[in-house]
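Notes follow the structure.
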Amino acid sequence: MNEPTVARLPDDLARTVADPKSYAEWDSLHETLKLIRRDYPFARATIENYNPFWVASTYKDIQEVAKNNDVFLSGLGPLIDNDTVKAAKAAGQEATFRSIVAMNPPDHDKYRKLAQWWFQPKNLRPLENRIRGIARDYIDKLADLGGTCDFVKDIAYHYPLLVVMNALGVPAADEPRILKWTQQYFGNNDAELNRTSSSVSVQESAGSVADVIRETNAYFKVFSDARRREPTDDLISVIANSTIDGESISDVDAMGYYISAAFAGHDTTSSSVSGGMWALCENPDQFERVKADLSLIPSLVEESIRWTTPIHQFTRIAAADCVVHNQQVKKGDWVVLCFPSGNRDEAAFDKPFEFIIDRKPNRHIGFGYGPHICIGMHLARMEMRIFFEELIPRLKSVSLAGIPTRTITNFVGGPKSLPIRYELS
Ligand code: HEM
């Protein structure tokens with residue numbers, strides 16, 4: 001084997017990967033990612049105002065880094081600039097929110113285990129009827145809207161949130177405020193979605209995220225305390241009454257779990273549903289195929305997730321010097337897992353730029369890979385499947401009724417507005 005080297009990612013390409021605005025320009029983002037995969041598949045970026053970071057752009061490299069959580073530590077979320085890191089510390093974000101997605105061995109495994117069984121398909125089966133009821137309400141709402149709507153704002157933002165709230169065990173009536181919190185948390189770079197509805201400084205943005213976390217902590221604490229006194233079959237009861245190393249879970253950790261489930265389970269699934277609808281509008285032949293054969297719905301779900309890849313990035317920190325793709329990574333370097341790039345990798349997928357509802361195999365990495373692979377993936381698949389099972393048989397036609405837009409974010413996002421025209425029976 002050759003001596004490891006250090007490939008350098010050109011600054012303009014590195015800025016495209018880092019900049020939240022790039023993810024709203026999906027096609028041109030993918031042009032850049034294609035070039036990165038071809039010429040700089042695993043390369044180091046050193047751009048102003050960022051810790052040096054590597055970009056893992058191929059399917060294989062993303063898997064290699066993601067599976068090795070002893071060497072590549074979680075904790076950062078997406079790639080963030082130095083000003084945002086400082087502002088987040090100053091706003092006290094670290095002290096208020098601890099989630100399994102940011103944990104490392106040995107804690108990660110212990111905390112993941114306490115709820116993992118609850119998310120298994122067998123345990124979720126009893127939820128199926130409740131979820132189907134919520135899906136039917138939204139298909140009826142689509143019918144009431146009379147043939148045109150903004151599918152994201154009218155349907156897709158709400159349905160997965162109600163499902164996850166139902167799973168957690170909080171009242172459906174609280175949906176508007178939880179929706180606002182999740183949008184403010186993930187859409188913070190997007191003036192239309194953040195707290196101030198305008199462009200904000202990094203200090204304001206970090207302060208706003210910290211406020212969201214403080215408010216959601218206070219909200220969930222009431223339910224958590226109640227379920228400790230009187231447990232039910234919901235997810236809050238499971239977490240609130242769990243133990244770690246023989247001690248009851250702390251309030252900070254329990255709140256982190258509820259917030260992770262509510263936030264991670266919402267925007268991701270709603271983006272995947274609306275990303276799938278958008279693709280069906282643009283690929284009428286695929287719409288006709290699934291209408292003619294409803295058994296294709298589970299693979300439509302998988303392809304919608306691959307196509308949309310709502311989690312755009314997670315960053316890992318190298319805990320030791322190591323070699324990836326024959327490149328010398330140094331302890332302390334950051335590695336950006338670029339999931340949308342992995343899911344369009346020509347080496348892993350046949351015709352990756354085509355939306356093919358019966359793609360086989362479809363081993364996408366939209367749910368991540370390795371020890372942090374999405375804990376909620378079976379719930380996400382189930383609620384998407386149920387939604388399309390209720391919708392597709394009644395949907396006679398669907399097409400775009402305007403120009404869709406995407407969220408400005410390098411973290412969790414997808415379609416922000418999807419104007420559609422449709423006929424329902
Ligand atoms: C289509 C929908 C979804 C997508 C695309 C998605 C994607 C992901 C990805 C890529 C990760 C890995 C993060 C990493 O590697 O660091 C992840 C982790 C996670 N997801 Fe999801 N997710 C979805 C739905 C859900 C749902 C419905 C829930 C819960 C209700 C959920 C809860 C979580 C949690 C708690 C983690 C952290 C797991 C860990 O660190 O061990 N997700 N998700």
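Residues are named by chain letter and number: chains run A, B, ... in the order of the structure tokens, numbers start at 1 in each chain, and ligands are numbered from 1 in the order shown.
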Task: Spatial neighbours of region 329-339 of chain A, 8 Å, only C-alpha atoms, chain gap at least 4 places, as JSON, numbers by chain - done: {"A": [6, 51, 52, 53, 54, 55, 56, 57, 59, 62, 65, 66, 78, 79, 309, 311, 312, 313, 314, 315, 316, 317, 318, 319, 320, 321, 322, 323, 324, 343, 365, 366, 368]}
Residues within 10 Å of Trp118 (chain A), please, as a CSV table (one decimal) with N, CA and C atoms, in the first residue's frame. Count only C-alpha atoms; anything in the same chain fewer than 6 positions from it doesn't count.
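Below is the file that was written, around-v3.csv:
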chain,number,residue,atom,x,y,z
A,124,LEU,N,-44.0,-1.8,17.6
A,124,LEU,CA,-44.7,-0.6,16.9
A,124,LEU,C,-46.0,-1.1,16.4
A,233,ASP,N,-48.3,3.3,28.3
A,233,ASP,CA,-47.5,2.5,27.3
A,233,ASP,C,-46.8,3.4,26.3
A,234,ASP,N,-46.6,4.7,26.6
A,234,ASP,CA,-46.0,5.6,25.7
A,234,ASP,C,-44.5,5.7,25.9
A,235,LEU,N,-43.8,6.3,24.9
A,235,LEU,CA,-42.4,6.4,24.9
A,235,LEU,C,-41.9,7.3,26.1
A,238,VAL,N,-41.5,5.0,29.0
A,238,VAL,CA,-40.4,4.1,28.9
A,238,VAL,C,-39.1,4.8,29.4
A,239,ILE,N,-38.9,6.0,28.8
A,239,ILE,CA,-37.7,6.8,29.1
A,239,ILE,C,-37.7,7.3,30.6
A,375,ILE,N,-32.5,5.3,15.2
A,375,ILE,CA,-33.2,4.4,16.1
A,375,ILE,C,-34.7,4.4,15.7
A,376,GLY,N,-35.2,5.4,15.0
A,376,GLY,CA,-36.6,5.6,14.7
A,376,GLY,C,-36.9,5.1,13.3
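Distances from A:Pro393, A:Pro361, A:Pro352, A:Gly342 to Arg289 (chain A) were compared using only C-alpha atoms, and the smallest one belongs to A:Pro393.
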Open item on the list: I want to know what sits within 7 Å of region 215-230 of chain A, based on only C-alpha atoms, with residues of the same chain fewer than 4 positions away left out; could you give that as an MDAnalysis selection string?
Closed with: chainID A and resid 211 236:237 240:241 255
- [ ] Do a neighbour search on region 380-386 of chain A at 8 Å with only C-alpha atoms, toss out local chain neighbours closer than 3 positions, and write the hits as a count of residues only.
- [x] 17
- [ ] Give the strand (DSSP E or B) residues of region 191-407 of chain A, as DSSP finds them on the backbone, and put them as a count of residues only.
- [x] 30
Task: Spatial neighbours of Leu33 (chain A), 9 Å, only C-alpha atoms, chain gap at least 6 places, as a list of chain:residue names - done: A:Leu13, A:Thr16, A:Val17, A:Ser57, A:Cys338, A:Pro340, A:Ser341, A:Arg344
Open item on the list: So, with only C-alpha atoms and all ligand atoms as the atoms that count, which of A:Thr182, A:Ser417, A:Asn69, A:Asn123 lies closest to ligand 1?
Closed with: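 Answer, going by the shortest atom-to-atom distance: A:Asn69.
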Open item on the list: Counting only C-alpha atoms and all ligand atoms, which residue out of A:Asp140, A:Asp174, A:Asp109, A:Glu346 sits closest to ligand 1?
Closed with: A:Asp109
Open item on the list: as number ranges by chain, please: every residue in region 217-396 of chain A that a backbone DSSP assignment puts in alpha helix (DSSP H).
Closed with: A: 217-229, 235-240, 251-264, 267-282, 284-292, 297-308, 339-342, 377-391
Output for the residues just chosen: C-alpha atoms as a CSV table (one decimal), in the first residue's frame:
chain,number,residue,atom,x,y,z
A,217,ASN,CA,-37.3,21.2,28.4
A,218,ALA,CA,-40.0,22.9,30.5
A,219,TYR,CA,-42.8,21.5,28.3
A,220,PHE,CA,-41.6,17.9,28.5
A,221,LYS,CA,-40.7,18.0,32.2
A,222,VAL,CA,-44.5,18.2,33.1
A,223,PHE,CA,-45.2,15.0,31.2
A,224,SER,CA,-42.1,13.2,32.4
A,225,ASP,CA,-43.0,13.9,36.1
A,226,ALA,CA,-46.6,12.7,35.5
A,227,ARG,CA,-45.4,9.4,33.8
A,228,ARG,CA,-43.0,8.7,36.7
A,229,ARG,CA,-46.0,8.9,39.0
A,235,LEU,CA,-42.4,6.4,24.9
A,236,ILE,CA,-42.1,9.1,27.6
A,237,SER,CA,-43.1,6.4,30.2
A,238,VAL,CA,-40.4,4.1,28.9
A,239,ILE,CA,-37.7,6.8,29.1
A,240,ALA,CA,-38.8,8.5,32.3
A,251,ASP,CA,-34.0,14.9,34.0
A,252,VAL,CA,-31.4,16.4,31.6
A,253,ASP,CA,-30.9,13.0,29.9
A,254,ALA,CA,-34.6,12.2,29.8
A,255,MET,CA,-35.4,15.7,28.3
A,256,GLY,CA,-32.6,15.2,25.7
A,257,TYR,CA,-34.3,11.9,24.7
A,258,TYR,CA,-37.8,13.4,24.3
A,259,ILE,CA,-36.4,16.3,22.3
A,260,SER,CA,-34.3,14.1,20.1
A,261,ALA,CA,-37.3,11.9,19.3
A,262,ALA,CA,-39.7,14.8,18.7
A,263,PHE,CA,-37.2,16.8,16.6
A,264,ALA,CA,-35.3,14.0,14.8
A,267,ASP,CA,-38.5,17.1,9.9
A,268,THR,CA,-36.8,14.0,8.6
A,269,THR,CA,-40.0,12.1,7.9
A,270,SER,CA,-41.9,15.1,6.7
A,271,SER,CA,-39.1,16.0,4.3
A,272,SER,CA,-39.0,12.3,3.0
A,273,VAL,CA,-42.8,12.3,2.4
A,274,SER,CA,-42.8,15.6,0.6
A,275,GLY,CA,-39.5,14.7,-1.3
A,276,GLY,CA,-41.3,11.5,-2.5
A,277,MET,CA,-44.4,13.5,-3.6
A,278,TRP,CA,-42.3,16.0,-5.5
A,279,ALA,CA,-40.5,13.1,-7.2
A,280,LEU,CA,-43.8,11.5,-8.1
A,281,CYS,CA,-45.0,14.8,-9.7
A,282,GLU,CA,-41.9,14.9,-11.8
A,284,PRO,CA,-45.6,10.5,-13.8
A,285,ASP,CA,-44.5,7.0,-15.1
A,286,GLN,CA,-43.4,6.1,-11.5
A,287,PHE,CA,-46.7,7.4,-10.1
A,288,GLU,CA,-48.6,5.2,-12.6
A,289,ARG,CA,-46.5,2.2,-11.7
A,290,VAL,CA,-47.2,2.5,-7.9
A,291,LYS,CA,-50.9,3.2,-8.6
A,292,ALA,CA,-51.1,0.0,-10.6
A,297,ILE,CA,-45.2,1.2,-1.7
A,298,PRO,CA,-42.5,0.0,0.7
A,299,SER,CA,-39.9,0.4,-2.0
A,300,LEU,CA,-41.3,3.8,-2.9
A,301,VAL,CA,-40.7,4.7,0.7
A,302,GLU,CA,-37.1,3.7,0.6
A,303,GLU,CA,-36.5,5.5,-2.7
A,304,SER,CA,-38.1,8.6,-1.3
A,305,ILE,CA,-35.7,8.6,1.6
A,306,ARG,CA,-32.6,8.0,-0.6
A,307,TRP,CA,-33.8,10.7,-3.1
A,308,THR,CA,-34.4,13.3,-0.4
A,339,PHE,CA,-25.1,11.6,3.3
A,340,PRO,CA,-26.7,13.2,0.1
A,341,SER,CA,-23.4,12.5,-1.7
A,342,GLY,CA,-23.2,8.8,-0.5
A,377,MET,CA,-36.2,4.1,11.2
A,378,HIS,CA,-38.9,1.4,11.5
A,379,LEU,CA,-41.4,4.0,12.8
A,380,ALA,CA,-40.4,6.4,10.0
A,381,ARG,CA,-40.9,3.6,7.4
A,382,MET,CA,-44.2,2.5,8.9
A,383,GLU,CA,-45.7,6.0,9.0
A,384,MET,CA,-44.6,6.7,5.4
A,385,ARG,CA,-45.9,3.4,4.2
A,386,ILE,CA,-49.3,4.0,5.9
A,387,PHE,CA,-49.5,7.5,4.5
A,388,PHE,CA,-48.9,6.3,0.9
A,389,GLU,CA,-51.2,3.3,1.4
A,390,GLU,CA,-54.0,5.7,2.3
A,391,LEU,CA,-53.1,8.3,-0.4
Task: Atomic separation - CA of Lys153 (chain A) relative to atom 27 (C, counted along the ligand's line) of ligand 1, Å - done: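 Distance between the two atoms: 18.7 Å.
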- [ ] Work out how far CA of Phe151 (chain A) is from CA of Leu418 (chain A), in Å to one decimal.
- [x] 5.3 Å
Task: Selected residue of minimal separation from Ala14 (chain A) among A:His108, A:Arg37, A:Arg44, A:His364, counting only C-alpha atoms - done: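 Among the listed residues, A:Arg44 lies closest to Ala14 (chain A).
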Task: Length of the CA of Leu424 (chain A) to CA of Pro176 (chain A) vector [Å] - done: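 Separation of CA of Leu424 (chain A) and CA of Pro176 (chain A): 26.8 Å.
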Open item on the list: Could you list, as a PyMOL selection string, every residue within 10 Å of Asn2 (chain A), counting only C-alpha atoms and ignoring same-chain residues fewer than 2 positions away?
Closed with: chain A and resi 4-5+326
Open item on the list: Given only C-alpha atoms and all ligand atoms as the basis, pick out the residue of A:Asp107, A:Asp137, A:Glu3, A:Glu25 nearest to ligand 1.
Closed with: A:Asp107
TODO: Give the answer as one residue: which of A:Ala172, A:Ile244, A:Val412, A:Leu9 has the shortest atom-to-atom distance to ligand 1, using only C-alpha atoms and all ligand atoms?
DONE: A:Val412
